[in-house]
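The block underneath contains the structure these notes are about, expressed in C-alpha cells.
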2 protein chains.
Amino acid sequence: MKIKIAICGYGNLGRGIESEIAKNDDMELVAIFTRRKPVSTLEIKSDVPVVHMDDLEKWQGKIDVMILCGGSAKDLPVQSPEIARLFNIVDSFDTHAKIPEHKSKVDTAARAGGKTAVISVGWDPGLFSIFRLYSGAIVPAGATGSFWGYGVSQGHSDAIRQVEGVANAVQYSIPQEEAIEKARQGKAEDLSTREKHKRLCYVVAEEGADLVRIENEIKEMPNYFADYDTDVIFATSEELKKNHSRLPHGGYVIHSGETGAGNKQKIELTLKLDSNPEFTASVMISCARAAARMNREGMIGAKTVFDIPPVYLSAIEDDEVVRLLL
Amino acid sequence: MKIKIAICGYGNLGRGIESEIAKNDDMELVAIFTRRKPVSTLEIKSDVPVVHMDDLEKWQGKIDVMILCGGSAKDLPVQSPEIARLFNIVDSFDTHAKIPEHKSKVDTAARAGGKTAVISVGWDPGLFSIFRLYSGAIVPAGATGSFWGYGVSQGHSDAIRQVEGVANAVQYSIPQEEAIEKARQGKAEDLSTREKHKRLCYVVAEEGADLVRIENEIKEMPNYFADYDTDVIFATSEELKKNHSRLPHGGYVIHSGETGAGNKQKIELTLKLDSNPEFTASVMISCARAAARMNREGMIGAKTVFDIPPVYLSAIEDDEVVRLLL
C-alpha cells in the first residue's frame, strides 16, 4: 500500500513536492490544500483534488502525511501546530532562533492527536544539520564551518523587496574561497560573518526612485546585510527575469579536527543544487516516509532529522539496505 | 555517570580507541582485554587493568559497551556473537559480502543476552554508508559513486605479504580524477573497477627473491589486483619504514541526480584522514555512546549505523543539539 501524501500550500516548494513525489514508487499524492478561494482558480499539474484548507478535517483517515509548504514567517507558526493535531506532518520551519519554541508547540499538538511531526526539514536546517552532528560527534576535537551559496537566498531577496522604491530583487549569497580554506585548516571558529560570505543583490527600482538611498538602505539593513560586504547592482525587470529567475543554491559543511598526536581529520559535505525548492522538497519527501513509519511504530510528537534512524528515510527494505548500501 | 568502555584487542584500532576515548568527557575506559599470555606482556598507555579474554564473563555489570578491535577475517566472526551475549558491543566487521550473515548471528546472540550490538562501524562501512543512504533516499533519480584513497589499504597490503618472497609491503589505493568527474556528472554507474582506482604497491623483497615473479603474482592476484592498473615499486625495509609507515586514508561519496525537468542536484562527501585507525576508532566511540542509550531504551539485537537516530551519537543533550546544530 502506498503512502498517501498531501501538499499544503502551492508555491515553489509545493510544486517541488508535486514533481518529486512521482519519483518515489512507494508514495502517491492524494490532494493539494490551498487558502485560495475559490479553489478552482489554482492550477496544478497533477490529477488530484484541490481542497480548501477550511476542509482539512474532512480528510482525516485519508492522508498518511501532510507536507506543509508555507513560509516560516507567518504560515508555519500557526499551521504546523494546528495541522499536527490532525495529521502526521513534515514542515520546513527555518527561523533558527525560534525552532525550540516551534518544536515545543508542535510537540504538544502532535501528542494530543497521536501524530508524528517532523519539523525544520530541508537542506539547512536538515541535511547540513545532520552532517554537523555526525562530524562533531565523531571528531569532537574540531571545528565546523557552514557556508551557503553560490545561490539565491529567498529570505534576503524578500528583505530587499521591503525597501521603499524597490520593485523586485534577487540576492545571491557567495561563500568566500579564503574562508572555506581556513575552515579546512580547522579555523572555522575564527571566521567573522563578513569573511565567510559576500552578498550580491540585483535590484529593480521603481521609476524615479532614489538609487543612492536604496543602495544605502540595503547595505545598512541589520541582520541581513550590515555585517556583510554587499554589492548592489541595479537591473531592469527584463534582465532580472531573463538572467536571475532560476533558484540555484548549495553550500559546504566543513569539519576539521584532530585525533591522536596531531593527526588532522577532515570531513566535508558539498551541495551543488540547480533547484533549491526541488531539493528541499526531496528532503521533505524522504522525511514524510519516515514520519509515516515512526507513527506506525508509536513514535509520536515533534521530531527533527536528528531523531530519525537513517533507514526510515529509504524506500528500500531494511535488510536490502544493509546488503546494497552498507 | 560516565559510560564505561572496554577495548577488546589492542592493535592499531585498539590503540586508536584508547587515545580518542579521552576526548569524550561522558566516557571512561575501564579495561583492555587481550589474548596475550601472560597479560603483563602487553604494554598499554592508560592506567586501566589489562585482562585476559578468558576472564570476560567476570566483567559483566562493570562495562557498558565493549568495543571489539579484532580483524574481520578471523576474530570478529567468532568474537562478536560470543561477546554480544554478555555485553553491548560495537564492531568494525567489514567483509562486505558476509555482513548479512554476521548480522544475523550477532542478532541472535545479542537478543539472547538482552544486549545491543552495533556492527560494521567505521567510515566504510559506516559514515560512507549513511551518506549513500541519505543521498539515494533524497534524490532517487541519481547514481552514487564511492571512491577510496589516496590511502593505505591494510587488506591489500596484507594480501601482498602473502606472496612468496615478500618481506613487507604497503599498498596505496588511488582514486582517479577522471572517474570522480564522471561521477559528478551522474555517470557513476558506467565506471569500471579499473577506471575508478589505481593501486600502488611498495614491496620489500626477501634477499635473492625473483622480483619479476613477485611483481607478476601481485598484478595477477584475483579480487585484489587483477581488475586494476597496478604499479609495483620495490623498496628497502628502511625506505618502507621511513616513508610509508603512516596510515592516511580518505575518499569520496558522490551522488549526482536530477529533479524536476532536468535540474542537476549534486551531493558530495569528502574525507581526508591523516590516521585511518584513529578515525575508525572515533566513529566506533560515537556508536558506543549510541549502543549504551539504545540498550537503556530496550532496543536490543544487532544494529547498523542505519538504525541509529543521529542524536544518539552525540554527547550533547537532545534539546541542546537542536539549539546548537539544527
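Numbering starts fresh at 1 for the residues of each chain in the C-alpha cells, the chains themselves are lettered A, B, ... in the order given, and ligands are numbered from 1 as they appear.
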Could you tell me, as a ChimeraX atom specification, which residues of range 104-176 of chain B DSSP assigns to strand (DSSP E or B) when given the backbone?
/B:116-118,123,126,142-148,151-152,166-175
Residues of the last selection are to be written out with C-alpha atoms, as an mmCIF file, in the first residue's frame.
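Contents of out35.cif, freshly written:
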```cif
data_model
loop_
_atom_site.group_PDB
_atom_site.id
_atom_site.type_symbol
_atom_site.label_atom_id
_atom_site.label_comp_id
_atom_site.auth_asym_id
_atom_site.auth_seq_id
_atom_site.Cartn_x
_atom_site.Cartn_y
_atom_site.Cartn_z
ATOM 1 C CA THR B 116 22.686 -4.151 21.815
ATOM 2 C CA ALA B 117 25.330 -4.818 19.159
ATOM 3 C CA VAL B 118 26.254 -2.158 16.603
ATOM 4 C CA TRP B 123 33.972 5.086 7.742
ATOM 5 C CA GLY B 126 29.921 3.343 8.339
ATOM 6 C CA GLY B 142 20.513 9.549 -9.422
ATOM 7 C CA ALA B 143 23.664 7.471 -9.187
ATOM 8 C CA THR B 144 26.160 7.157 -6.336
ATOM 9 C CA GLY B 145 29.884 6.517 -6.678
ATOM 10 C CA SER B 146 32.210 5.649 -3.781
ATOM 11 C CA PHE B 147 35.944 6.248 -4.092
ATOM 12 C CA TRP B 148 38.636 5.258 -1.609
ATOM 13 C CA GLY B 151 45.382 5.953 1.293
ATOM 14 C CA VAL B 152 46.834 2.752 2.632
ATOM 15 C CA VAL B 166 57.775 -10.729 0.047
ATOM 16 C CA ALA B 167 59.147 -9.495 3.378
ATOM 17 C CA ASN B 168 56.872 -6.473 3.743
ATOM 18 C CA ALA B 169 54.539 -4.270 1.678
ATOM 19 C CA VAL B 170 52.381 -1.148 1.775
ATOM 20 C CA GLN B 171 49.595 -0.646 -0.766
ATOM 21 C CA TYR B 172 48.042 2.703 -1.668
ATOM 22 C CA SER B 173 44.578 2.935 -3.254
ATOM 23 C CA ILE B 174 44.411 5.918 -5.605
ATOM 24 C CA PRO B 175 41.062 7.204 -6.877
#
```
Would you kindly report the residues of chain B within 6 Å of chain A, using only C-alpha atoms, as a ChimeraX atom specification?
/B:19,125,129,137-138,260,263-274,282-283,286,306-311,314,325-326
Selection: 8 Å around Ile5 in chain A, only C-alpha atoms, excl. self and same-chain fewer than 6 positions, as a compact mmCIF listing (two decimals) with C-alpha atoms, in the first residue's frame:
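The file below, around19.txt, is the result:
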```txt
# COMPACT_ATOMS: atom_id res chain seq x y z
CA MET A 27 4.10 7.10 -2.40
CA GLU A 28 1.15 8.78 -4.03
CA LEU A 29 -0.16 12.31 -3.97
CA VAL A 30 -3.82 12.39 -2.94
CA ALA A 31 -4.70 16.08 -2.54
CA ILE A 63 -3.88 11.02 4.27
CA ASP A 64 -0.79 9.45 5.83
CA VAL A 65 1.41 12.55 5.81
CA MET A 66 0.67 16.20 5.11
CA ILE A 67 3.67 18.12 3.78
CA ALA A 288 7.46 12.04 5.06
```
Between A:His102, A:His156, A:Lys62, A:Arg161, which one has atoms that come closest to Ala6 in chain A, using only C-alpha atoms?
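Residue with the minimum atom-to-atom distance to Ala6 in chain A: A:Lys62.
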Can you pull out the residues contacting range 176-178 of chain A? Cut-off 10 Å, using only C-alpha atoms, and skip same-chain residues under 6 positions away; I want them as a list in words.
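Counting only C-alpha atoms, the residues come to Phe147, Trp148, Gly149, Tyr150, Arg184, Arg194, Glu195, Lys196, His197 and Lys198 of chain A.
Interatomic distance, CA of Arg36 in chain B to CA of Asn12 in chain B: 15.5 Å.
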From a DSSP pass on the backbone, collect the residues of range 64-233 of chain B flagged as helix (DSSP H, G or I) and hand them back as a ChimeraX atom specification.
/B:76-84,96-113,127-138,154-161,177-184,188-190,193-196,211-219
